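Undergrad: Below is the file entry-v5.cif, which contains mmCIF, C-alpha atoms.
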```cif
data_start
loop_
_atom_site.group_PDB
_atom_site.id
_atom_site.type_symbol
_atom_site.label_atom_id
_atom_site.label_comp_id
_atom_site.auth_asym_id
_atom_site.auth_seq_id
_atom_site.Cartn_x
_atom_site.Cartn_y
_atom_site.Cartn_z
ATOM 1 C CA MET A 24 10.579 20.669 14.852
ATOM 2 C CA PRO A 25 9.332 18.491 11.934
ATOM 3 C CA LYS A 26 11.832 15.976 10.604
ATOM 4 C CA PRO A 27 13.067 16.418 7.028
ATOM 5 C CA ARG A 28 11.645 13.928 4.520
ATOM 6 C CA SER A 29 15.064 12.278 4.242
ATOM 7 C CA GLN A 30 14.621 11.116 7.839
ATOM 8 C CA GLN A 31 11.078 9.866 7.244
ATOM 9 C CA ILE A 32 11.402 8.066 3.910
ATOM 10 C CA SER A 33 14.016 5.424 3.091
ATOM 11 C CA LEU A 34 13.263 3.180 0.133
ATOM 12 C CA LEU A 35 16.252 1.063 1.121
ATOM 13 C CA ASP A 36 14.321 0.029 4.233
ATOM 14 C CA THR A 37 10.766 -0.196 2.902
ATOM 15 C CA PRO A 38 8.587 0.795 -0.073
ATOM 16 C CA TYR A 39 5.475 1.061 2.179
ATOM 17 C CA TYR A 40 4.332 4.334 3.785
ATOM 18 C CA HIS A 41 1.321 5.640 5.683
ATOM 19 C CA ILE A 42 0.363 9.175 4.659
ATOM 20 C CA CYS A 43 -2.102 11.445 6.441
ATOM 21 C CA SER A 44 -3.042 14.913 5.170
ATOM 22 C CA ARG A 45 -5.349 17.300 7.043
ATOM 23 C CA THR A 46 -7.247 20.436 6.089
ATOM 24 C CA VAL A 47 -7.000 23.827 7.804
ATOM 25 C CA ARG A 48 -9.583 26.479 8.813
ATOM 26 C CA LYS A 49 -12.109 23.700 9.636
ATOM 27 C CA ALA A 50 -12.404 23.051 5.912
ATOM 28 C CA PHE A 51 -14.381 20.024 4.791
ATOM 29 C CA LEU A 52 -13.286 17.253 2.464
ATOM 30 C CA CYS A 53 -16.665 15.594 2.805
ATOM 31 C CA GLY A 54 -19.594 15.328 5.190
ATOM 32 C CA VAL A 55 -22.117 17.995 6.149
ATOM 33 C CA ASP A 56 -21.222 21.224 7.932
ATOM 34 C CA LYS A 57 -23.607 21.314 10.899
ATOM 35 C CA GLU A 58 -23.376 25.108 11.175
ATOM 36 C CA SER A 59 -24.237 25.927 7.561
ATOM 37 C CA GLY A 60 -26.009 22.725 6.550
ATOM 38 C CA ILE A 61 -23.910 22.562 3.367
ATOM 39 C CA SER A 62 -22.984 19.082 2.156
ATOM 40 C CA TYR A 63 -19.462 18.423 0.927
ATOM 41 C CA GLU A 64 -19.904 14.739 0.207
ATOM 42 C CA HIS A 65 -19.130 15.238 -3.480
ATOM 43 C CA ARG A 66 -15.541 16.140 -2.602
ATOM 44 C CA ARG A 67 -14.940 12.513 -1.727
ATOM 45 C CA ILE A 68 -15.442 11.739 -5.418
ATOM 46 C CA TRP A 69 -12.875 14.369 -6.359
ATOM 47 C CA ILE A 70 -10.182 13.022 -4.108
ATOM 48 C CA GLU A 71 -10.680 9.299 -4.695
ATOM 49 C CA LYS A 72 -10.713 9.849 -8.439
ATOM 50 C CA ARG A 73 -7.517 11.899 -8.197
ATOM 51 C CA ILE A 74 -5.766 9.275 -6.038
ATOM 52 C CA PHE A 75 -6.425 6.545 -8.584
ATOM 53 C CA GLN A 76 -5.534 8.802 -11.509
ATOM 54 C CA LEU A 77 -2.146 9.558 -9.954
ATOM 55 C CA ALA A 78 -1.522 5.882 -9.206
ATOM 56 C CA GLN A 79 -1.792 5.230 -12.945
ATOM 57 C CA VAL A 80 0.860 7.858 -13.667
ATOM 58 C CA PHE A 81 3.304 7.518 -10.759
ATOM 59 C CA ALA A 82 5.261 4.394 -9.824
ATOM 60 C CA ILE A 83 3.169 4.352 -6.664
ATOM 61 C CA ASP A 84 0.473 1.813 -5.751
ATOM 62 C CA ILE A 85 -2.447 2.296 -3.371
ATOM 63 C CA CYS A 86 -2.708 -0.302 -0.595
ATOM 64 C CA ALA A 87 -5.395 1.400 1.490
ATOM 65 C CA HIS A 88 -7.190 4.731 1.692
ATOM 66 C CA ALA A 89 -9.965 6.460 3.616
ATOM 67 C CA VAL A 90 -11.378 9.938 3.010
ATOM 68 C CA MET A 91 -12.666 11.459 6.257
ATOM 69 C CA HIS A 92 -14.356 14.795 7.086
ATOM 70 C CA ASN A 93 -11.211 16.878 7.448
ATOM 71 C CA HIS A 94 -8.367 14.513 6.579
ATOM 72 C CA LEU A 95 -7.403 11.593 4.403
ATOM 73 C CA HIS A 96 -5.304 8.482 4.916
ATOM 74 C CA ILE A 97 -3.368 6.597 2.249
ATOM 75 C CA VAL A 98 -1.085 3.578 2.562
ATOM 76 C CA LEU A 99 1.294 3.696 -0.415
ATOM 77 C CA HIS A 100 3.730 1.306 -2.046
ATOM 78 C CA VAL A 101 6.575 2.874 -4.036
ATOM 79 C CA ASP A 102 7.537 0.651 -6.978
ATOM 80 C CA SER A 103 10.936 2.141 -7.780
ATOM 81 C CA GLU A 104 12.027 -0.910 -9.779
ATOM 82 C CA ARG A 105 9.135 -0.397 -12.202
ATOM 83 C CA ALA A 106 10.066 3.258 -12.684
ATOM 84 C CA LYS A 107 13.655 2.321 -13.535
ATOM 85 C CA LEU A 108 12.388 0.275 -16.500
ATOM 86 C CA TRP A 109 10.565 3.198 -18.109
ATOM 87 C CA SER A 110 12.013 4.563 -21.329
ATOM 88 C CA THR A 111 12.485 8.290 -21.877
ATOM 89 C CA ALA A 112 9.351 8.345 -24.023
ATOM 90 C CA GLU A 113 7.267 6.620 -21.331
ATOM 91 C CA VAL A 114 8.540 8.918 -18.589
ATOM 92 C CA LEU A 115 7.620 11.995 -20.637
ATOM 93 C CA GLU A 116 4.229 10.557 -21.641
ATOM 94 C CA ARG A 117 3.410 10.020 -17.962
ATOM 95 C CA TRP A 118 4.728 13.415 -16.853
ATOM 96 C CA HIS A 119 2.810 15.300 -19.533
ATOM 97 C CA GLN A 120 -0.445 13.807 -18.258
ATOM 98 C CA LEU A 121 -0.021 16.018 -15.194
ATOM 99 C CA PHE A 122 2.379 18.819 -16.131
ATOM 100 C CA LYS A 123 3.360 20.765 -19.248
ATOM 101 C CA GLY A 124 7.020 19.834 -19.115
ATOM 102 C CA THR A 125 9.465 21.914 -21.161
ATOM 103 C CA LEU A 126 9.407 23.055 -24.772
ATOM 104 C CA LEU A 127 12.018 20.414 -25.618
ATOM 105 C CA THR A 128 10.159 17.546 -23.869
ATOM 106 C CA GLN A 129 6.997 18.538 -25.734
ATOM 107 C CA LYS A 130 8.881 18.537 -29.039
ATOM 108 C CA TYR A 131 10.376 15.136 -28.214
ATOM 109 C CA GLN A 132 6.979 13.652 -27.428
ATOM 110 C CA ASN A 133 5.568 15.136 -30.632
ATOM 111 C CA LYS A 134 8.479 13.506 -32.511
ATOM 112 C CA GLN A 135 9.839 16.794 -33.779
ATOM 113 C CA SER A 136 13.442 16.989 -34.929
ATOM 114 C CA LEU A 137 16.031 17.689 -32.186
ATOM 115 C CA ASP A 138 19.820 17.923 -32.423
ATOM 116 C CA LYS A 139 22.104 15.859 -30.178
ATOM 117 C CA PHE A 140 22.512 18.633 -27.604
ATOM 118 C CA GLN A 141 18.761 19.079 -27.316
ATOM 119 C CA LEU A 142 18.316 15.295 -27.017
ATOM 120 C CA ALA A 143 20.873 15.257 -24.211
ATOM 121 C CA MET A 144 18.889 17.958 -22.404
ATOM 122 C CA VAL A 145 15.686 15.930 -22.850
ATOM 123 C CA GLU A 146 17.384 12.853 -21.359
ATOM 124 C CA THR A 147 18.561 14.868 -18.364
ATOM 125 C CA THR A 148 15.087 16.325 -17.840
ATOM 126 C CA ALA A 149 13.480 12.885 -18.194
ATOM 127 C CA ASN A 150 15.784 11.550 -15.464
ATOM 128 C CA VAL A 151 14.549 14.303 -13.150
ATOM 129 C CA TYR A 152 10.925 13.488 -13.990
ATOM 130 C CA GLN A 153 11.565 9.780 -13.452
ATOM 131 C CA GLN A 154 12.744 10.463 -9.899
ATOM 132 C CA ARG A 155 9.740 12.667 -9.230
ATOM 133 C CA LEU A 156 7.361 9.955 -10.456
ATOM 134 C CA MET A 157 8.418 7.704 -7.605
ATOM 135 C CA ASP A 158 8.585 10.492 -5.032
ATOM 136 C CA ILE A 159 5.906 10.583 -2.318
ATOM 137 C CA SER A 160 6.186 14.353 -1.871
ATOM 138 C CA TRP A 161 5.508 14.915 -5.570
ATOM 139 C CA PHE A 162 2.605 12.450 -5.414
ATOM 140 C CA MET A 163 1.007 14.343 -2.512
ATOM 141 C CA ARG A 164 1.690 17.704 -4.172
ATOM 142 C CA SER A 165 -0.056 16.435 -7.302
ATOM 143 C CA LEU A 166 -2.974 15.245 -5.190
ATOM 144 C CA ASN A 167 -3.448 18.129 -2.786
ATOM 145 C CA GLU A 168 -2.878 21.209 -4.961
ATOM 146 C CA PRO A 169 -5.650 20.536 -7.533
ATOM 147 C CA ILE A 170 -8.097 19.575 -4.766
ATOM 148 C CA ALA A 171 -7.259 22.773 -2.873
ATOM 149 C CA ARG A 172 -7.812 24.949 -5.948
ATOM 150 C CA GLN A 173 -11.112 23.233 -6.721
ATOM 151 C CA ALA A 174 -12.344 23.529 -3.121
ATOM 152 C CA ASN A 175 -11.304 27.186 -2.873
ATOM 153 C CA ARG A 176 -13.167 28.001 -6.087
ATOM 154 C CA GLU A 177 -16.264 26.309 -4.687
ATOM 155 C CA ASP A 178 -15.902 28.078 -1.317
ATOM 156 C CA LYS A 179 -15.191 31.399 -3.077
ATOM 157 C CA CYS A 180 -12.090 32.024 -0.989
ATOM 158 C CA THR A 181 -8.302 31.952 -1.183
ATOM 159 C CA GLY A 182 -5.529 30.718 1.073
ATOM 160 C CA HIS A 183 -4.381 27.363 2.348
ATOM 161 C CA PHE A 184 -6.746 24.408 2.241
ATOM 162 C CA TRP A 185 -4.317 21.760 3.529
ATOM 163 C CA GLU A 186 -1.836 21.861 6.386
ATOM 164 C CA GLY A 187 1.630 22.698 5.107
ATOM 165 C CA ARG A 188 3.052 19.216 5.660
ATOM 166 C CA PHE A 189 1.535 15.788 5.336
ATOM 167 C CA LYS A 190 2.406 13.126 7.909
ATOM 168 C CA SER A 191 4.534 10.242 6.666
ATOM 169 C CA GLN A 192 5.247 6.962 8.479
ATOM 170 C CA ALA A 193 7.529 4.255 7.102
ATOM 171 C CA LEU A 194 5.985 0.791 7.521
ATOM 172 C CA LEU A 195 8.967 -1.495 8.021
ATOM 173 C CA ASP A 196 7.506 -4.997 8.139
ATOM 174 C CA GLU A 197 4.416 -7.084 7.536
ATOM 175 C CA GLY A 198 2.860 -6.503 10.951
ATOM 176 C CA ALA A 199 3.220 -2.735 10.572
ATOM 177 C CA ILE A 200 1.806 -2.752 7.028
ATOM 178 C CA LEU A 201 -1.281 -4.858 7.783
ATOM 179 C CA SER A 202 -2.138 -3.212 11.110
ATOM 180 C CA CYS A 203 -1.807 0.230 9.490
ATOM 181 C CA MET A 204 -4.007 -0.812 6.563
ATOM 182 C CA ALA A 205 -6.638 -2.087 9.001
ATOM 183 C CA TYR A 206 -6.368 1.144 11.010
ATOM 184 C CA VAL A 207 -6.984 3.159 7.833
ATOM 185 C CA ASP A 208 -9.779 0.899 6.579
ATOM 186 C CA LEU A 209 -11.591 1.067 9.941
ATOM 187 C CA ASN A 210 -11.462 4.878 10.240
ATOM 188 C CA PRO A 211 -15.140 5.403 9.304
ATOM 189 C CA VAL A 212 -16.279 2.633 11.692
ATOM 190 C CA ARG A 213 -14.264 4.059 14.592
ATOM 191 C CA ALA A 214 -15.625 7.545 13.859
ATOM 192 C CA GLY A 215 -19.215 6.269 13.771
ATOM 193 C CA ILE A 216 -19.654 7.376 10.152
ATOM 194 C CA ALA A 217 -20.275 3.817 8.938
ATOM 195 C CA ALA A 218 -21.736 0.790 10.709
ATOM 196 C CA THR A 219 -19.536 -1.781 8.985
ATOM 197 C CA PRO A 220 -16.463 -1.859 6.714
ATOM 198 C CA GLU A 221 -18.574 -2.745 3.665
ATOM 199 C CA LYS A 222 -20.696 0.371 4.264
ATOM 200 C CA SER A 223 -17.661 2.641 4.544
ATOM 201 C CA ASP A 224 -17.907 4.709 1.365
ATOM 202 C CA PHE A 225 -14.755 5.941 -0.372
ATOM 203 C CA THR A 226 -12.464 3.482 1.391
ATOM 204 C CA SER A 227 -10.247 0.716 0.088
ATOM 205 C CA ILE A 228 -11.948 -1.885 2.278
ATOM 206 C CA GLN A 229 -15.304 -1.275 0.605
ATOM 207 C CA LEU A 230 -13.705 -1.703 -2.821
ATOM 208 C CA ARG A 231 -11.970 -4.906 -1.729
ATOM 209 C CA ILE A 232 -15.166 -6.393 -0.275
ATOM 210 C CA LYS A 233 -17.248 -5.559 -3.367
ATOM 211 C CA SER A 234 -14.645 -7.151 -5.620
ATOM 212 C CA ALA A 235 -14.176 -10.181 -3.340
ATOM 213 C CA ILE A 236 -17.893 -10.963 -3.633
ATOM 214 C CA LYS A 237 -17.294 -11.348 -7.385
ATOM 215 C CA GLY A 238 -14.158 -13.411 -6.787
ATOM 216 C CA GLU A 239 -11.959 -10.533 -7.942
ATOM 217 C CA GLN A 240 -9.626 -7.868 -6.605
ATOM 218 C CA PRO A 241 -10.001 -4.143 -7.428
ATOM 219 C CA LYS A 242 -7.669 -3.056 -10.222
ATOM 220 C CA ALA A 243 -7.175 0.335 -8.596
ATOM 221 C CA LEU A 244 -5.524 -1.180 -5.504
ATOM 222 C CA LEU A 245 -2.341 -3.167 -4.927
ATOM 223 C CA PRO A 246 -3.568 -6.778 -4.804
ATOM 224 C CA PHE A 247 -3.066 -9.367 -2.117
ATOM 225 C CA THR A 248 -1.023 -12.225 -3.576
ATOM 226 C CA GLY A 249 -1.822 -15.008 -1.111
ATOM 227 C CA ASN A 250 0.557 -16.893 1.127
ATOM 228 C CA GLU A 251 3.061 -14.412 2.465
ATOM 229 C CA HIS A 252 5.941 -16.868 2.082
ATOM 230 C CA GLN A 253 5.450 -17.479 -1.613
ATOM 231 C CA GLN A 254 7.243 -15.489 -4.291
ATOM 232 C CA LYS A 255 4.477 -14.298 -6.584
ATOM 233 C CA ASN A 256 3.676 -11.266 -8.658
ATOM 234 C CA LYS A 257 3.908 -7.805 -7.149
ATOM 235 C CA GLY A 258 1.485 -7.299 -4.311
ATOM 236 C CA ILE A 259 0.827 -7.714 -0.611
ATOM 237 C CA ARG A 260 2.069 -11.184 0.324
ATOM 238 C CA PHE A 261 -0.835 -12.080 2.559
ATOM 239 C CA SER A 262 -4.190 -13.795 2.126
ATOM 240 C CA LEU A 263 -6.969 -11.412 1.102
ATOM 241 C CA GLN A 264 -9.538 -13.557 2.888
ATOM 242 C CA ASP A 265 -7.496 -13.530 6.084
ATOM 243 C CA TYR A 266 -7.190 -9.746 5.912
ATOM 244 C CA LEU A 267 -10.930 -9.272 5.320
ATOM 245 C CA THR A 268 -11.649 -11.586 8.260
ATOM 246 C CA LEU A 269 -9.375 -9.580 10.553
ATOM 247 C CA VAL A 270 -10.901 -6.257 9.522
ATOM 248 C CA ASP A 271 -14.476 -7.561 9.864
ATOM 249 C CA GLU A 272 -13.947 -9.000 13.350
ATOM 250 C CA THR A 273 -11.974 -5.968 14.515
ATOM 251 C CA GLY A 274 -14.713 -3.669 13.241
ATOM 252 C CA ARG A 275 -17.312 -5.548 15.289
ATOM 253 C CA ILE A 276 -15.219 -5.228 18.439
ATOM 254 C CA ILE A 277 -14.525 -1.494 18.198
ATOM 255 C CA ARG A 278 -18.187 -0.624 17.620
ATOM 256 C CA ALA A 279 -19.784 0.556 20.841
ATOM 257 C CA ASP A 280 -23.243 -0.792 19.925
ATOM 258 C CA LYS A 281 -22.190 -4.310 18.959
ATOM 259 C CA SER A 282 -20.260 -6.938 20.877
ATOM 260 C CA GLY A 283 -17.656 -9.019 19.139
ATOM 261 C CA ALA A 284 -14.546 -11.062 19.705
ATOM 262 C CA ILE A 285 -11.513 -12.323 17.867
ATOM 263 C CA SER A 286 -12.185 -15.878 16.695
ATOM 264 C CA GLN A 287 -9.743 -18.765 16.926
ATOM 265 C CA LYS A 288 -9.161 -18.442 13.177
ATOM 266 C CA SER A 289 -8.154 -14.801 13.567
ATOM 267 C CA GLU A 290 -5.950 -15.665 16.523
ATOM 268 C CA ARG A 291 -4.073 -18.078 14.262
ATOM 269 C CA ILE A 292 -3.778 -15.362 11.590
ATOM 270 C CA LEU A 293 -2.383 -12.910 14.148
ATOM 271 C CA ALA A 294 0.023 -15.546 15.450
ATOM 272 C CA ARG A 295 1.588 -15.685 11.979
ATOM 273 C CA LEU A 296 2.096 -11.915 12.216
ATOM 274 C CA HIS A 297 3.607 -12.297 15.714
ATOM 275 C CA ILE A 298 0.910 -10.015 17.130
ATOM 276 C CA ASN A 299 -1.419 -11.002 19.967
ATOM 277 C CA GLU A 300 -5.084 -10.013 20.159
ATOM 278 C CA GLU A 301 -4.605 -7.193 22.665
ATOM 279 C CA SER A 302 -1.785 -5.668 20.639
ATOM 280 C CA TRP A 303 -3.754 -5.939 17.395
ATOM 281 C CA LEU A 304 -6.726 -4.071 18.862
ATOM 282 C CA LYS A 305 -4.428 -1.388 20.239
ATOM 283 C CA LEU A 306 -2.652 -0.986 16.886
ATOM 284 C CA THR A 307 -5.865 -0.755 14.866
ATOM 285 C CA THR A 308 -7.413 1.854 17.166
ATOM 286 C CA GLU A 309 -4.425 3.945 18.329
ATOM 287 C CA PHE A 310 -1.887 3.525 15.530
ATOM 288 C CA GLU A 311 -1.027 7.219 15.067
ATOM 289 C CA CYS A 312 -0.921 7.874 18.809
ATOM 290 C CA MET A 313 1.446 4.966 19.404
ATOM 291 C CA PHE A 314 3.892 5.828 16.621
ATOM 292 C CA THR A 315 4.763 9.348 15.515
ATOM 293 C CA GLY A 316 7.333 8.127 12.992
ATOM 294 C CA ALA A 317 8.353 4.818 11.450
ATOM 295 C CA VAL A 318 6.582 1.631 12.531
ATOM 296 C CA GLY A 319 7.971 -1.878 12.846
ATOM 297 C CA THR A 320 9.601 -4.319 15.207
ATOM 298 C CA ALA A 321 12.276 -3.003 17.556
ATOM 299 C CA GLU A 322 14.974 -4.506 15.338
ATOM 300 C CA HIS A 323 13.604 -2.915 12.164
ATOM 301 C CA LEU A 324 13.146 0.442 13.914
ATOM 302 C CA SER A 325 16.756 0.416 15.080
ATOM 303 C CA GLU A 326 17.992 -0.319 11.551
ATOM 304 C CA PHE A 327 15.801 2.417 10.071
ATOM 305 C CA THR A 328 17.022 4.930 12.668
ATOM 306 C CA GLU A 329 20.636 4.207 11.755
ATOM 307 C CA HIS A 330 20.018 4.390 7.998
ATOM 308 C CA VAL A 331 18.261 7.782 8.075
ATOM 309 C CA GLY A 332 20.670 9.332 10.572
ATOM 310 C CA LEU A 333 18.335 9.820 13.537
ATOM 311 C CA GLN A 334 19.897 9.979 17.003
ATOM 312 C CA ARG A 335 16.978 8.351 18.832
ATOM 313 C CA THR A 336 14.788 5.365 17.977
ATOM 314 C CA HIS A 337 11.275 6.706 18.426
ATOM 315 C CA GLY A 338 8.448 4.285 19.252
ATOM 316 C CA ILE A 339 10.679 1.408 20.307
ATOM 317 C CA VAL A 340 8.774 0.791 23.565
ATOM 318 C CA ASN A 341 5.447 0.388 21.742
ATOM 319 C CA ALA A 342 7.183 -1.700 19.075
ATOM 320 C CA GLN A 343 8.504 -4.087 21.708
ATOM 321 C CA ALA A 344 5.097 -4.255 23.377
ATOM 322 C CA CYS A 345 2.923 -4.726 20.278
ATOM 323 C CA LEU A 346 4.996 -5.869 17.307
ATOM 324 C CA ASN A 347 7.476 -8.114 19.119
ATOM 325 C CA SER A 348 4.764 -9.584 21.338
ATOM 326 C CA ALA A 349 4.176 -13.081 19.983
#
```
Take the structure in the file and give it back as structure tokens.

TA:
Amino acid sequence: MPKPRSQQISLLDTPYYHICSRTVRKAFLCGVDKESGISYEHRRIWIEKRIFQLAQVFAIDICAHAVMHNHLHIVLHVDSERAKLWSTAEVLERWHQLFKGTLLTQKYQNKQSLDKFQLAMVETTANVYQQRLMDISWFMRSLNEPIARQANREDKCTGHFWEGRFKSQALLDEGAILSCMAYVDLNPVRAGIAATPEKSDFTSIQLRIKSAIKGEQPKALLPFTGNEHQQKNKGIRFSLQDYLTLVDETGRIIRADKSGAISQKSERILARLHINEESWLKLTTEFECMFTGAVGTAEHLSEFTEHVGLQRTHGIVNAQACLNSA
């Protein structure tokens, strides 16, 4: 039986989550249907555009994403502290970009006169919207429903386009976050869709590489902030160059037609993450098979299990083998 979201998401433990959503009835997000010959590549534009649009509205940042033939991966960061700073007016302005709201919230945004009781109702409604704007379920609802309607119109059919539930994994520490991001970024390479990370269209790694060539970081993605021990602006506290090096070398290894190996530099990078080479390769190729729920060291998994009220600590054996291995 699927676990309730309250046992999968705990912002007290981590703001980072891996989300995977799959289609039903052999529906295509992208690619070419070999039976009909119809190309669905344009749907990748739909979904990537929608992801980044929602990230501008929600208090949710995109760390990594990959749009595959019949599923998509996103690594999210929930910025609840940012949402708490929003005024009532800002909350409503954001909400109305996606939904109609109520008659009173529309009047408030249009600066129409309201009495004190109506203002109190607006404040209460805005508090509800504020919570939704940092809620992963509402983010995925706002992503999947419009895509489903658009795809169904194009396919001239009705019914479900996505599976009823998306998969959610809490990423409890740095090793879990970075190995999951690499797993997501390398999806097209593992599937044989792309030869290299930089040729993987509609992925975060391609965006990061293109921007890195210009000495920049993509504005649509949560940035890397450098040394993981320094207190800097919001972002992933790890070196962008080190991450790109790890992904590049890992991509060469997992390709069947090209030999590769982890360099001494990458071994030193992995040592800082307390992950050895064998464990890193296993994590970046079998991440979802190894962990069905939260991901992190054995200690972090035990704490998460207690906080969300689970009776068993799932994945602790693989955590001890791969994330407590250095």

Undergrad: Can I get the residues of segment 170-225 of chain A within 12 Å of segment 320-334 of chain A, each with the closest pair of atoms and their distance in Å to one decimal, using all atoms listed in the file, sorted chain first then ascending number, as a Markdown table?

TA:
```
| residue | atom | partner | partner_atom | distance |
| --- | --- | --- | --- | --- |
| A:Gln192 | CA | A:Leu324 | CA | 11.6 |
| A:Ala193 | CA | A:Phe327 | CA | 9.0 |
| A:Leu194 | CA | A:Leu324 | CA | 9.6 |
| A:Leu195 | CA | A:His323 | CA | 6.4 |
| A:Asp196 | CA | A:Thr320 | CA | 7.4 |
| A:Glu197 | CA | A:Thr320 | CA | 9.7 |
| A:Gly198 | CA | A:Thr320 | CA | 8.3 |
| A:Ala199 | CA | A:Thr320 | CA | 8.0 |
| A:Ile200 | CA | A:Thr320 | CA | 11.4 |
```

Undergrad: Would you work out the distance separating atom CA of Phe225 of chain A from atom CA of Ala89 of chain A, expressed in Å to one decimal?

TA: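 About the pair atom CA of Phe225 of chain A and atom CA of Ala89 of chain A: they are 6.3 Å apart.
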
Undergrad: What are the nearest atom pairs, with distances in Å to one decimal, for all residues of segment 39-76 of chain A that come at most 10 Å from segment 164-169 of chain A, using only C-alpha atoms, set out by chain and rising residue number as a tab-separated table?

TA:
```
residue	atom	partner	partner_atom	distance
A:Ser44	CA	A:Asn167	CA	8.6
A:Thr46	CA	A:Asn167	CA	9.9
A:Trp69	CA	A:Pro169	CA	9.6
A:Ile70	CA	A:Leu166	CA	7.6
A:Glu71	CA	A:Leu166	CA	9.7
A:Lys72	CA	A:Leu166	CA	10.0
A:Arg73	CA	A:Leu166	CA	6.4
A:Ile74	CA	A:Leu166	CA	6.6
A:Phe75	CA	A:Leu166	CA	10.0
A:Gln76	CA	A:Leu166	CA	9.4
```

Undergrad: For a test of reading the model, state the distance in Å between atom CA of Leu293 of chain A and atom CA of Lys305 of chain A, rounded to one decimal.

TA: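 Interatomic distance, atom CA of Leu293 of chain A to atom CA of Lys305 of chain A: 13.2 Å.
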
Undergrad: Env of Tyr152 of chain A: 7 Å cut, atoms = all atoms listed in the file, seq-sep filter 3 positions within chain, self excluded. Answer as number ranges by chain.

TA: A: 114, 118, 148-149, 155-156

Undergrad: For the provided coordinates, the residues matched by the PyMOL selection byres ((chain A and resi 272) around 12) should be stated as a PyMOL selection string.

TA: chain A and resi 205+209+212+219-220+265-271+273-278+281-290+300+303-304+307

Undergrad: Which residues, named as in the file, does the PyMOL selection byres ((chain A and resi 181-189) around 12) pick out? Answer as a count of residues only.

TA: 48

Undergrad: When you draw a straight line from atom CA of Ser202 of chain A to atom CA of Ile339 of chain A, how long is it in Å?

TA: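 Value for the atom CA of Ser202 of chain A-atom CA of Ile339 of chain A distance: 16.4 Å.
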
Undergrad: List, as a PyMOL selection string, every residue that the PyMOL selection byres ((chain A and resi 230-233) around 12) selects in the file provided.

TA: chain A and resi 71+85-89+208+219-229+234-247+263-264+266-268+270-271

Undergrad: Which residue, A:Ala78, A:Ile61, A:Leu201, A:Leu99, has the smallest gap to Leu296 of chain A when you use only C-alpha atoms?

TA: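 For Leu296 of chain A, the nearest of the given residues is A:Leu201.
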
Undergrad: Write out as number ranges by chain which residues come within 10 Å of segment 123-133 of chain A when counting all atoms listed in the file, dropping same-chain ones fewer than 4 positions away.

TA: A: 111-113, 115-116, 118-119, 137, 141-142, 144-146, 148-149, 152

Undergrad: So, counting all atoms listed in the file, which residue among A:Asn210, A:Ala217, A:Phe122, A:Glu104 is closest to Leu35 of chain A?

TA: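 That would be A:Glu104, the residue with the smallest distance to Leu35 of chain A.
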